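Reviewing the structure listed below.
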Amino acid sequence: MQIQLGQHLLGSNQKVAAEIRRLMDEKGVFLLNLMSSPGAGKTTLLEKTLAALRDQLQVAVIEGDIATTRDADRIARQGVRAVQINTHGACHLDGAMIQGVLPAFDLDTLDLLIIENVGNLVCPAEFDLGADASVVVLSTTEGVDKVVKYPLMFREATALVLNKIDLLPFTDFSLDELAADLAQVHPGLCRFDLSARTGEGMEAWVAWLMAQVQAKRGRRAL
Ligand SMILES: Nc1nc2c(ncn2[C@@H]2O[C@H](COP(=O)(O)OP(=O)(O)OP(=O)(O)O)[C@@H](O)[C@H]2O)c(=O)[nH]1
Ligand SMILES: [Mg+2]
């Protein structure tokens, strides 16, 4: 019975996700779903990414958290429009939550809409939000075993950001082990090793994201 209910919920979420995807395709907006465990550095990565992109692209952010507007406040301080969703306990965002806040954005002028999902390495991977890309942030302080312990998130990701490389010397995180685990779970996964704190490695990530957005803008122009 529980399994049937779960399948029903996921099925109806899939329909909403398809509607979001259709709308984003029609408007030519690139929708990015950013996921990680709590504290891996999603908001810090966003702050630095927005600083690099905001003069070249029209960008906005949807922040998902169980409570508070702290992350949306951090993004707003970058001069970027941010709408906070509070899930009041739910461990992930779903399609209906995203659809509910879309009227707050001018999709006709937007190039890039970034969703920062609720900090959680499990549930967000189960819910399609209609995104063009799902990016998972893993940080060097979490332990290298997370890829094999939480494989769905990494299997379904479009790209992986390995954050906090400035802390590598102080942890037992192994880049070789990460590469071996990724070869097993998601061979060929696009990966960016960086430090959102120091800025090291940010250029390749920003260039990749910019290229994704421009490719979609190009399709809109056709
Ligand atoms: N040393 C170091 N610290 C970082 C880096 N990126 C983020 N941090 C720190 O990690 C902590 C968590 O960063 P956030 O950006 O808030 O993490 P988050 O993933 O948005 O967290 P939630 O939204 O709560 O899931 C903060 O204290 C950041 O300053 C990094 O590259 N290096
Ligand atoms: Mg955050």
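For the structure tokens, the naming scheme is as follows: chains receive sequential letters (A, B, ...) according to their order of presentation, residues are indexed from 1 within each chain, and ligands are indexed from 1 in presentation order.
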Selection as a ChimeraX atom specification: residues within 8 Å of ligand 1 by only C-alpha atoms and all ligand atoms
/A:35-46,64-65,71,116-120,137,139,163-167,194-199
Expected answer as a PDB file with N, CA, C and O atoms, in the first residue's frame: strand (DSSP E) residues in segment 13-175 of chain A:
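For reference, part.pdb as written:
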```pdb
ATOM      1  N   PHE A  30      17.237  28.201 -19.052  1.00  0.00           N
ATOM      2  CA  PHE A  30      17.972  27.016 -18.591  1.00  0.00           C
ATOM      3  C   PHE A  30      17.700  26.838 -17.102  1.00  0.00           C
ATOM      4  O   PHE A  30      17.966  27.737 -16.303  1.00  0.00           O
ATOM      5  N   LEU A  31      17.171  25.674 -16.742  1.00  0.00           N
ATOM      6  CA  LEU A  31      16.811  25.400 -15.346  1.00  0.00           C
ATOM      7  C   LEU A  31      17.812  24.415 -14.753  1.00  0.00           C
ATOM      8  O   LEU A  31      17.991  23.310 -15.266  1.00  0.00           O
ATOM      9  N   LEU A  32      18.460  24.846 -13.680  1.00  0.00           N
ATOM     10  CA  LEU A  32      19.507  24.041 -13.037  1.00  0.00           C
ATOM     11  C   LEU A  32      19.053  23.626 -11.636  1.00  0.00           C
ATOM     12  O   LEU A  32      18.614  24.472 -10.857  1.00  0.00           O
ATOM     13  N   ASN A  33      19.160  22.356 -11.334  1.00  0.00           N
ATOM     14  CA  ASN A  33      18.818  21.838 -10.002  1.00  0.00           C
ATOM     15  C   ASN A  33      20.114  21.500  -9.277  1.00  0.00           C
ATOM     16  O   ASN A  33      20.819  20.574  -9.654  1.00  0.00           O
ATOM     17  N   LEU A  34      20.427  22.284  -8.228  1.00  0.00           N
ATOM     18  CA  LEU A  34      21.683  22.129  -7.491  1.00  0.00           C
ATOM     19  C   LEU A  34      21.404  21.368  -6.191  1.00  0.00           C
ATOM     20  O   LEU A  34      20.582  21.799  -5.377  1.00  0.00           O
ATOM     21  N   MET A  35      22.083  20.257  -6.016  1.00  0.00           N
ATOM     22  CA  MET A  35      21.787  19.386  -4.859  1.00  0.00           C
ATOM     23  C   MET A  35      23.072  18.998  -4.130  1.00  0.00           C
ATOM     24  O   MET A  35      24.139  18.898  -4.741  1.00  0.00           O
ATOM     25  N   SER A  36      22.929  18.726  -2.844  1.00  0.00           N
ATOM     26  CA  SER A  36      24.058  18.221  -2.052  1.00  0.00           C
ATOM     27  C   SER A  36      23.560  17.918  -0.660  1.00  0.00           C
ATOM     28  O   SER A  36      22.429  18.281  -0.302  1.00  0.00           O
ATOM     29  N   VAL A  59      19.767  36.131 -14.530  1.00  0.00           N
ATOM     30  CA  VAL A  59      19.734  34.921 -13.703  1.00  0.00           C
ATOM     31  C   VAL A  59      18.919  35.168 -12.441  1.00  0.00           C
ATOM     32  O   VAL A  59      18.869  36.292 -11.929  1.00  0.00           O
ATOM     33  N   ALA A  60      18.246  34.134 -11.974  1.00  0.00           N
ATOM     34  CA  ALA A  60      17.479  34.206 -10.731  1.00  0.00           C
ATOM     35  C   ALA A  60      17.586  32.864 -10.014  1.00  0.00           C
ATOM     36  O   ALA A  60      18.020  31.867 -10.607  1.00  0.00           O
ATOM     37  N   VAL A  61      17.199  32.865  -8.740  1.00  0.00           N
ATOM     38  CA  VAL A  61      17.415  31.680  -7.897  1.00  0.00           C
ATOM     39  C   VAL A  61      16.151  31.341  -7.112  1.00  0.00           C
ATOM     40  O   VAL A  61      15.452  32.229  -6.620  1.00  0.00           O
ATOM     41  N   ILE A  62      15.880  30.044  -7.011  1.00  0.00           N
ATOM     42  CA  ILE A  62      14.863  29.525  -6.090  1.00  0.00           C
ATOM     43  C   ILE A  62      15.602  28.784  -4.989  1.00  0.00           C
ATOM     44  O   ILE A  62      16.397  27.876  -5.265  1.00  0.00           O
ATOM     45  N   GLU A  63      15.378  29.192  -3.764  1.00  0.00           N
ATOM     46  CA  GLU A  63      16.052  28.562  -2.622  1.00  0.00           C
ATOM     47  C   GLU A  63      15.093  27.627  -1.905  1.00  0.00           C
ATOM     48  O   GLU A  63      13.988  28.035  -1.530  1.00  0.00           O
ATOM     49  N   GLY A  64      15.507  26.387  -1.693  1.00  0.00           N
ATOM     50  CA  GLY A  64      14.692  25.442  -0.947  1.00  0.00           C
ATOM     51  C   GLY A  64      15.339  25.112   0.383  1.00  0.00           C
ATOM     52  O   GLY A  64      16.503  24.700   0.427  1.00  0.00           O
ATOM     53  N   ASP A  65      14.605  25.345   1.449  1.00  0.00           N
ATOM     54  CA  ASP A  65      15.095  25.003   2.791  1.00  0.00           C
ATOM     55  C   ASP A  65      13.926  24.586   3.649  1.00  0.00           C
ATOM     56  O   ASP A  65      12.789  25.002   3.418  1.00  0.00           O
ATOM     57  N   ARG A  81      17.710  38.234  -7.970  1.00  0.00           N
ATOM     58  CA  ARG A  81      16.376  37.907  -7.461  1.00  0.00           C
ATOM     59  C   ARG A  81      16.359  36.474  -6.910  1.00  0.00           C
ATOM     60  O   ARG A  81      16.770  35.527  -7.594  1.00  0.00           O
ATOM     61  N   ALA A  82      15.876  36.324  -5.686  1.00  0.00           N
ATOM     62  CA  ALA A  82      15.819  34.998  -5.068  1.00  0.00           C
ATOM     63  C   ALA A  82      14.490  34.827  -4.356  1.00  0.00           C
ATOM     64  O   ALA A  82      14.048  35.724  -3.637  1.00  0.00           O
ATOM     65  N   VAL A  83      13.856  33.697  -4.578  1.00  0.00           N
ATOM     66  CA  VAL A  83      12.600  33.370  -3.904  1.00  0.00           C
ATOM     67  C   VAL A  83      12.840  32.157  -3.024  1.00  0.00           C
ATOM     68  O   VAL A  83      13.374  31.146  -3.488  1.00  0.00           O
ATOM     69  N   GLN A  84      12.470  32.282  -1.777  1.00  0.00           N
ATOM     70  CA  GLN A  84      12.683  31.190  -0.823  1.00  0.00           C
ATOM     71  C   GLN A  84      11.436  30.320  -0.705  1.00  0.00           C
ATOM     72  O   GLN A  84      10.333  30.827  -0.537  1.00  0.00           O
ATOM     73  N   ILE A  85      11.620  29.025  -0.822  1.00  0.00           N
ATOM     74  CA  ILE A  85      10.552  28.069  -0.492  1.00  0.00           C
ATOM     75  C   ILE A  85      10.936  27.418   0.826  1.00  0.00           C
ATOM     76  O   ILE A  85      12.043  26.901   0.959  1.00  0.00           O
ATOM     77  N   ASN A  86      10.031  27.450   1.792  1.00  0.00           N
ATOM     78  CA  ASN A  86      10.242  26.690   3.033  1.00  0.00           C
ATOM     79  C   ASN A  86       9.355  25.445   3.000  1.00  0.00           C
ATOM     80  O   ASN A  86       8.141  25.540   2.821  1.00  0.00           O
ATOM     81  N   LEU A 112      18.699  32.050 -17.088  1.00  0.00           N
ATOM     82  CA  LEU A 112      19.105  30.961 -16.192  1.00  0.00           C
ATOM     83  C   LEU A 112      18.330  31.068 -14.883  1.00  0.00           C
ATOM     84  O   LEU A 112      18.305  32.132 -14.260  1.00  0.00           O
ATOM     85  N   LEU A 113      17.710  29.960 -14.509  1.00  0.00           N
ATOM     86  CA  LEU A 113      17.025  29.885 -13.212  1.00  0.00           C
ATOM     87  C   LEU A 113      17.648  28.722 -12.443  1.00  0.00           C
ATOM     88  O   LEU A 113      17.653  27.586 -12.921  1.00  0.00           O
ATOM     89  N   ILE A 114      18.208  29.032 -11.280  1.00  0.00           N
ATOM     90  CA  ILE A 114      18.905  28.011 -10.493  1.00  0.00           C
ATOM     91  C   ILE A 114      18.076  27.663  -9.262  1.00  0.00           C
ATOM     92  O   ILE A 114      17.635  28.557  -8.528  1.00  0.00           O
ATOM     93  N   ILE A 115      17.873  26.378  -9.066  1.00  0.00           N
ATOM     94  CA  ILE A 115      17.184  25.890  -7.868  1.00  0.00           C
ATOM     95  C   ILE A 115      18.235  25.344  -6.915  1.00  0.00           C
ATOM     96  O   ILE A 115      18.982  24.429  -7.274  1.00  0.00           O
ATOM     97  N   GLU A 116      18.324  25.907  -5.712  1.00  0.00           N
ATOM     98  CA  GLU A 116      19.134  25.254  -4.671  1.00  0.00           C
ATOM     99  C   GLU A 116      18.195  24.376  -3.864  1.00  0.00           C
ATOM    100  O   GLU A 116      17.309  24.865  -3.154  1.00  0.00           O
ATOM    101  N   ALA A 133      19.522  20.462 -16.171  1.00  0.00           N
ATOM    102  CA  ALA A 133      20.720  19.824 -15.624  1.00  0.00           C
ATOM    103  C   ALA A 133      20.574  19.684 -14.114  1.00  0.00           C
ATOM    104  O   ALA A 133      20.022  20.559 -13.447  1.00  0.00           O
ATOM    105  N   SER A 134      21.079  18.564 -13.608  1.00  0.00           N
ATOM    106  CA  SER A 134      21.141  18.354 -12.160  1.00  0.00           C
ATOM    107  C   SER A 134      22.615  18.303 -11.783  1.00  0.00           C
ATOM    108  O   SER A 134      23.357  17.476 -12.306  1.00  0.00           O
ATOM    109  N   VAL A 135      23.004  19.190 -10.894  1.00  0.00           N
ATOM    110  CA  VAL A 135      24.410  19.235 -10.480  1.00  0.00           C
ATOM    111  C   VAL A 135      24.488  18.876  -9.005  1.00  0.00           C
ATOM    112  O   VAL A 135      23.773  19.442  -8.178  1.00  0.00           O
ATOM    113  N   VAL A 136      25.334  17.914  -8.684  1.00  0.00           N
ATOM    114  CA  VAL A 136      25.511  17.536  -7.287  1.00  0.00           C
ATOM    115  C   VAL A 136      26.850  18.086  -6.797  1.00  0.00           C
ATOM    116  O   VAL A 136      27.861  18.022  -7.504  1.00  0.00           O
ATOM    117  N   VAL A 137      26.811  18.684  -5.621  1.00  0.00           N
ATOM    118  CA  VAL A 137      28.020  19.210  -4.985  1.00  0.00           C
ATOM    119  C   VAL A 137      28.423  18.232  -3.883  1.00  0.00           C
ATOM    120  O   VAL A 137      27.619  17.909  -3.013  1.00  0.00           O
ATOM    121  N   LEU A 138      29.652  17.761  -3.974  1.00  0.00           N
ATOM    122  CA  LEU A 138      30.219  16.915  -2.923  1.00  0.00           C
ATOM    123  C   LEU A 138      31.403  17.689  -2.361  1.00  0.00           C
ATOM    124  O   LEU A 138      32.151  18.287  -3.129  1.00  0.00           O
ATOM    125  N   SER A 139      31.562  17.687  -1.034  1.00  0.00           N
ATOM    126  CA  SER A 139      32.704  18.423  -0.493  1.00  0.00           C
ATOM    127  C   SER A 139      33.700  17.461   0.145  1.00  0.00           C
ATOM    128  O   SER A 139      33.335  16.352   0.564  1.00  0.00           O
ATOM    129  N   ALA A 159      26.388  16.776 -13.818  1.00  0.00           N
ATOM    130  CA  ALA A 159      27.767  17.157 -13.493  1.00  0.00           C
ATOM    131  C   ALA A 159      27.964  17.079 -11.981  1.00  0.00           C
ATOM    132  O   ALA A 159      27.001  17.157 -11.210  1.00  0.00           O
ATOM    133  N   LEU A 160      29.230  16.923 -11.599  1.00  0.00           N
ATOM    134  CA  LEU A 160      29.602  16.870 -10.180  1.00  0.00           C
ATOM    135  C   LEU A 160      30.570  18.015  -9.890  1.00  0.00           C
ATOM    136  O   LEU A 160      31.549  18.202 -10.617  1.00  0.00           O
ATOM    137  N   VAL A 161      30.268  18.764  -8.829  1.00  0.00           N
ATOM    138  CA  VAL A 161      31.235  19.739  -8.343  1.00  0.00           C
ATOM    139  C   VAL A 161      31.850  19.167  -7.069  1.00  0.00           C
ATOM    140  O   VAL A 161      31.124  18.863  -6.116  1.00  0.00           O
ATOM    141  N   LEU A 162      33.164  18.974  -7.075  1.00  0.00           N
ATOM    142  CA  LEU A 162      33.863  18.602  -5.847  1.00  0.00           C
ATOM    143  C   LEU A 162      34.346  19.897  -5.205  1.00  0.00           C
ATOM    144  O   LEU A 162      35.262  20.551  -5.720  1.00  0.00           O
ATOM    145  N   ASN A 163      33.698  20.279  -4.111  1.00  0.00           N
ATOM    146  CA  ASN A 163      33.972  21.574  -3.477  1.00  0.00           C
ATOM    147  C   ASN A 163      34.911  21.412  -2.276  1.00  0.00           C
ATOM    148  O   ASN A 163      35.136  20.313  -1.791  1.00  0.00           O
TER     149      ASN A 163
END
```
Using only C-alpha atoms, which of the listed residues (A:Leu175, A:Leu50, A:Ile20, A:Ala215) sits closest to Gln99 of chain A?
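Under the stated criterion, the closest residue is A:Ile20.
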How far is it from atom CA of Leu152 of chain A to atom CA of Gln214 of chain A, in Å with one decimal?
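A separation of 28.1 Å between them.
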Rank nothing, just name the residue among A:Gly188, A:Phe173, A:Arg70, A:Gln78 nearest to Ala52 of chain A, using only C-alpha atoms.
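Of A:Gly188, A:Phe173, A:Arg70, A:Gln78, the one nearest Ala52 of chain A, counting only C-alpha atoms, is A:Gln78.
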Who sits within 8 Å of Ala67 of chain A, only C-alpha atoms, same chain under 3 positions skipped, as a PDB file with all heavy atoms, in the first residue's frame:
```pdb
ATOM      1  N   ASN A  86      10.031  27.450   1.792  1.00  0.00           N
ATOM      2  CA  ASN A  86      10.242  26.690   3.033  1.00  0.00           C
ATOM      3  C   ASN A  86       9.355  25.445   3.000  1.00  0.00           C
ATOM      4  O   ASN A  86       8.141  25.540   2.821  1.00  0.00           O
ATOM      5  CB  ASN A  86       9.912  27.533   4.277  1.00  0.00           C
ATOM      6  CG  ASN A  86      11.019  28.501   4.632  1.00  0.00           C
ATOM      7  OD1 ASN A  86      10.771  29.582   5.137  1.00  0.00           O
ATOM      8  ND2 ASN A  86      12.264  28.126   4.383  1.00  0.00           N
ATOM      9  N   THR A  87       9.974  24.289   3.146  1.00  0.00           N
ATOM     10  CA  THR A  87       9.227  23.030   3.017  1.00  0.00           C
ATOM     11  C   THR A  87       8.605  22.594   4.345  1.00  0.00           C
ATOM     12  O   THR A  87       7.829  21.646   4.368  1.00  0.00           O
ATOM     13  CB  THR A  87      10.143  21.902   2.510  1.00  0.00           C
ATOM     14  OG1 THR A  87      11.166  21.682   3.482  1.00  0.00           O
ATOM     15  CG2 THR A  87      10.755  22.236   1.168  1.00  0.00           C
ATOM     16  N   HIS A  88       8.954  23.284   5.443  1.00  0.00           N
ATOM     17  CA  HIS A  88       8.389  22.973   6.765  1.00  0.00           C
ATOM     18  C   HIS A  88       8.514  21.489   7.105  1.00  0.00           C
ATOM     19  O   HIS A  88       7.552  20.861   7.523  1.00  0.00           O
ATOM     20  CB  HIS A  88       6.933  23.431   6.840  1.00  0.00           C
ATOM     21  CG  HIS A  88       6.781  24.902   6.554  1.00  0.00           C
ATOM     22  ND1 HIS A  88       7.229  25.880   7.410  1.00  0.00           N
ATOM     23  CD2 HIS A  88       6.275  25.546   5.472  1.00  0.00           C
ATOM     24  CE1 HIS A  88       6.995  27.075   6.884  1.00  0.00           C
ATOM     25  NE2 HIS A  88       6.418  26.897   5.704  1.00  0.00           N
ATOM     26  N   GLY A  89       9.662  20.934   6.841  1.00  0.00           N
ATOM     27  CA  GLY A  89       9.908  19.545   7.257  1.00  0.00           C
ATOM     28  C   GLY A  89      10.222  18.621   6.105  1.00  0.00           C
ATOM     29  O   GLY A  89      10.950  17.653   6.282  1.00  0.00           O
TER      30      GLY A  89
END
```
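Considering the residues A:Ile66, A:Gly28, A:Glu177, A:Val16 and counting only C-alpha atoms and all ligand atoms, ligand 2 has its shortest atom-to-atom contact with A:Ile66.
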Find, counting only C-alpha atoms, the residue in A:Cys91, A:Gln56, A:Thr49, A:Glu203 that gets nearest to Ile75 of chain A.
A:Thr49
Write down as a CSV table (one decimal) with all heavy atoms, in the first residue's frame the residues of segment 48-129 of chain A whose backbone DSSP state falls under helix (DSSP H, G or I).
```csv
chain,number,residue,atom,x,y,z
A,48,LYS,N,29.5,32.8,-5.6
A,48,LYS,CA,30.6,33.0,-6.4
A,48,LYS,C,30.2,32.9,-7.9
A,48,LYS,O,30.7,33.7,-8.8
A,48,LYS,CB,31.7,32.0,-6.1
A,48,LYS,CG,32.3,32.2,-4.7
A,48,LYS,CD,33.1,33.5,-4.7
A,48,LYS,CE,33.6,33.9,-3.2
A,48,LYS,NZ,34.6,33.1,-2.7
A,49,THR,N,29.4,32.0,-8.2
A,49,THR,CA,29.0,31.8,-9.6
A,49,THR,C,28.2,33.0,-10.1
A,49,THR,O,28.4,33.5,-11.2
A,49,THR,CB,28.1,30.5,-9.7
A,49,THR,OG1,28.9,29.4,-9.2
A,49,THR,CG2,27.7,30.2,-11.2
A,50,LEU,N,27.3,33.5,-9.3
A,50,LEU,CA,26.4,34.6,-9.7
A,50,LEU,C,27.3,35.8,-9.9
A,50,LEU,O,27.1,36.6,-10.8
A,50,LEU,CB,25.4,34.9,-8.6
A,50,LEU,CG,24.3,33.8,-8.5
A,50,LEU,CD1,23.4,34.0,-7.2
A,50,LEU,CD2,23.5,33.6,-9.7
A,51,ALA,N,28.3,36.0,-9.0
A,51,ALA,CA,29.2,37.2,-9.2
A,51,ALA,C,29.9,37.1,-10.6
A,51,ALA,O,30.1,38.1,-11.2
A,51,ALA,CB,30.2,37.2,-8.1
A,52,ALA,N,30.1,35.9,-11.1
A,52,ALA,CA,30.8,35.8,-12.3
A,52,ALA,C,29.9,35.9,-13.5
A,52,ALA,O,30.3,36.2,-14.6
A,52,ALA,CB,31.5,34.4,-12.4
A,53,LEU,N,28.6,35.6,-13.3
A,53,LEU,CA,27.7,35.5,-14.4
A,53,LEU,C,26.7,36.6,-14.6
A,53,LEU,O,26.1,36.8,-15.6
A,53,LEU,CB,26.8,34.2,-14.3
A,53,LEU,CG,27.5,32.8,-14.5
A,53,LEU,CD1,26.4,31.7,-14.3
A,53,LEU,CD2,28.0,32.8,-16.0
A,70,ARG,N,17.4,32.4,5.1
A,70,ARG,CA,18.8,32.8,5.1
A,70,ARG,C,19.5,32.7,3.8
A,70,ARG,O,20.3,33.6,3.4
A,70,ARG,CB,19.6,32.0,6.2
A,70,ARG,CG,19.2,32.4,7.6
A,70,ARG,CD,20.0,31.7,8.6
A,70,ARG,NE,19.6,32.0,9.9
A,70,ARG,CZ,20.3,31.9,11.0
A,70,ARG,NH1,21.5,31.5,10.9
A,70,ARG,NH2,19.8,32.3,12.2
A,71,ASP,N,19.3,31.6,3.1
A,71,ASP,CA,20.0,31.4,1.8
A,71,ASP,C,19.5,32.4,0.8
A,71,ASP,O,20.3,33.0,0.0
A,71,ASP,CB,19.9,30.0,1.3
A,71,ASP,CG,20.9,29.1,2.0
A,71,ASP,OD1,21.6,29.5,2.9
A,71,ASP,OD2,20.9,27.9,1.7
A,72,ALA,N,18.2,32.6,0.7
A,72,ALA,CA,17.6,33.6,-0.2
A,72,ALA,C,18.2,35.0,0.1
A,72,ALA,O,18.5,35.8,-0.8
A,72,ALA,CB,16.1,33.6,-0.2
A,73,ASP,N,18.3,35.3,1.4
A,73,ASP,CA,18.9,36.6,1.8
A,73,ASP,C,20.3,36.7,1.3
A,73,ASP,O,20.8,37.8,0.9
A,73,ASP,CB,18.9,36.8,3.3
A,73,ASP,CG,17.4,36.8,3.9
A,73,ASP,OD1,16.5,37.1,3.1
A,73,ASP,OD2,17.3,36.6,5.1
A,74,ARG,N,21.1,35.6,1.4
A,74,ARG,CA,22.5,35.7,0.9
A,74,ARG,C,22.5,35.9,-0.6
A,74,ARG,O,23.4,36.7,-1.1
A,74,ARG,CB,23.2,34.3,1.2
A,74,ARG,CG,23.6,34.2,2.7
A,74,ARG,CD,24.0,32.7,3.0
A,74,ARG,NE,25.3,32.4,2.3
A,74,ARG,CZ,25.8,31.2,2.4
A,74,ARG,NH1,25.3,30.2,3.2
A,74,ARG,NH2,27.0,30.9,1.8
A,75,ILE,N,21.6,35.3,-1.3
A,75,ILE,CA,21.6,35.5,-2.8
A,75,ILE,C,21.2,36.9,-3.1
A,75,ILE,O,21.7,37.6,-4.0
A,75,ILE,CB,20.7,34.5,-3.5
A,75,ILE,CG1,21.1,33.0,-3.2
A,75,ILE,CG2,20.5,34.7,-5.0
A,75,ILE,CD1,22.5,32.7,-3.7
A,76,ALA,N,20.2,37.4,-2.4
A,76,ALA,CA,19.7,38.8,-2.7
A,76,ALA,C,20.8,39.8,-2.4
A,76,ALA,O,20.8,40.8,-3.1
A,76,ALA,CB,18.5,39.1,-1.8
A,95,GLY,N,7.9,19.2,-7.9
A,95,GLY,CA,7.5,20.0,-9.0
A,95,GLY,C,6.5,21.0,-8.7
A,95,GLY,O,6.6,22.2,-9.2
A,96,ALA,N,5.5,20.6,-7.9
A,96,ALA,CA,4.4,21.6,-7.5
A,96,ALA,C,5.0,22.8,-6.8
A,96,ALA,O,4.5,23.9,-7.0
A,96,ALA,CB,3.4,20.9,-6.7
A,97,MET,N,6.0,22.6,-5.9
A,97,MET,CA,6.6,23.7,-5.2
A,97,MET,C,7.2,24.7,-6.2
A,97,MET,O,7.1,25.9,-6.1
A,97,MET,CB,7.6,23.2,-4.2
A,97,MET,CG,7.0,22.4,-3.1
A,97,MET,SD,8.4,21.8,-2.0
A,97,MET,CE,7.6,20.5,-1.1
A,98,ILE,N,7.9,24.1,-7.2
A,98,ILE,CA,8.6,25.0,-8.2
A,98,ILE,C,7.6,25.7,-9.0
A,98,ILE,O,7.7,26.9,-9.2
A,98,ILE,CB,9.5,24.1,-9.1
A,98,ILE,CG1,10.6,23.4,-8.2
A,98,ILE,CG2,10.2,25.0,-10.2
A,98,ILE,CD1,11.5,24.4,-7.4
A,99,GLN,N,6.6,25.0,-9.5
A,99,GLN,CA,5.5,25.6,-10.3
A,99,GLN,C,4.9,26.7,-9.6
A,99,GLN,O,4.5,27.7,-10.1
A,99,GLN,CB,4.5,24.5,-10.7
A,99,GLN,CG,3.9,24.7,-12.0
A,99,GLN,CD,3.0,23.5,-12.4
A,99,GLN,OE1,2.5,22.8,-11.6
A,99,GLN,NE2,3.0,23.3,-13.7
A,100,GLY,N,4.7,26.5,-8.3
A,100,GLY,CA,4.0,27.6,-7.4
A,100,GLY,C,4.7,28.9,-7.4
A,100,GLY,O,4.1,29.9,-7.2
A,101,VAL,N,6.1,28.9,-7.5
A,101,VAL,CA,6.8,30.1,-7.4
A,101,VAL,C,7.2,30.7,-8.8
A,101,VAL,O,7.7,31.8,-8.8
A,101,VAL,CB,8.1,30.0,-6.5
A,101,VAL,CG1,7.7,29.6,-5.1
A,101,VAL,CG2,9.1,29.0,-7.1
A,102,LEU,N,7.0,30.0,-9.8
A,102,LEU,CA,7.4,30.5,-11.2
A,102,LEU,C,6.8,31.8,-11.5
A,102,LEU,O,7.4,32.7,-12.2
A,102,LEU,CB,7.1,29.4,-12.2
A,102,LEU,CG,8.1,28.2,-12.2
A,102,LEU,CD1,7.7,27.3,-13.4
A,102,LEU,CD2,9.5,28.7,-12.3
A,103,PRO,N,5.5,32.1,-11.1
A,103,PRO,CA,4.9,33.4,-11.5
A,103,PRO,C,5.7,34.6,-10.9
A,103,PRO,O,5.5,35.7,-11.3
A,103,PRO,CB,3.5,33.4,-10.9
A,103,PRO,CG,3.2,31.9,-10.8
A,103,PRO,CD,4.5,31.2,-10.5
A,104,ALA,N,6.6,34.3,-9.9
A,104,ALA,CA,7.4,35.4,-9.3
A,104,ALA,C,8.5,35.9,-10.2
A,104,ALA,O,9.2,36.8,-9.9
A,104,ALA,CB,7.9,34.9,-8.0
A,123,CYS,N,16.7,12.3,-0.8
A,123,CYS,CA,15.3,12.6,-1.4
A,123,CYS,C,15.3,13.5,-2.6
A,123,CYS,O,14.5,13.2,-3.5
A,123,CYS,CB,14.4,13.2,-0.3
A,123,CYS,SG,14.6,12.4,1.3
A,124,PRO,N,16.1,14.5,-2.7
A,124,PRO,CA,15.9,15.4,-3.9
A,124,PRO,C,16.2,14.7,-5.2
A,124,PRO,O,15.6,15.0,-6.2
A,124,PRO,CB,17.0,16.5,-3.6
A,124,PRO,CG,17.2,16.5,-2.2
A,124,PRO,CD,17.0,15.1,-1.7
A,125,ALA,N,17.0,13.6,-5.1
A,125,ALA,CA,17.3,12.9,-6.4
A,125,ALA,C,16.1,12.1,-6.9
A,125,ALA,O,16.0,11.8,-8.1
A,125,ALA,CB,18.4,11.9,-6.1
A,126,GLU,N,15.1,11.9,-6.1
A,126,GLU,CA,13.9,11.2,-6.4
A,126,GLU,C,12.9,12.0,-7.2
A,126,GLU,O,11.9,11.5,-7.8
A,126,GLU,CB,13.2,10.6,-5.2
A,126,GLU,CG,14.1,9.8,-4.3
A,126,GLU,CD,13.9,8.3,-4.3
A,126,GLU,OE1,13.1,7.9,-5.3
A,126,GLU,OE2,14.4,7.6,-3.5
```
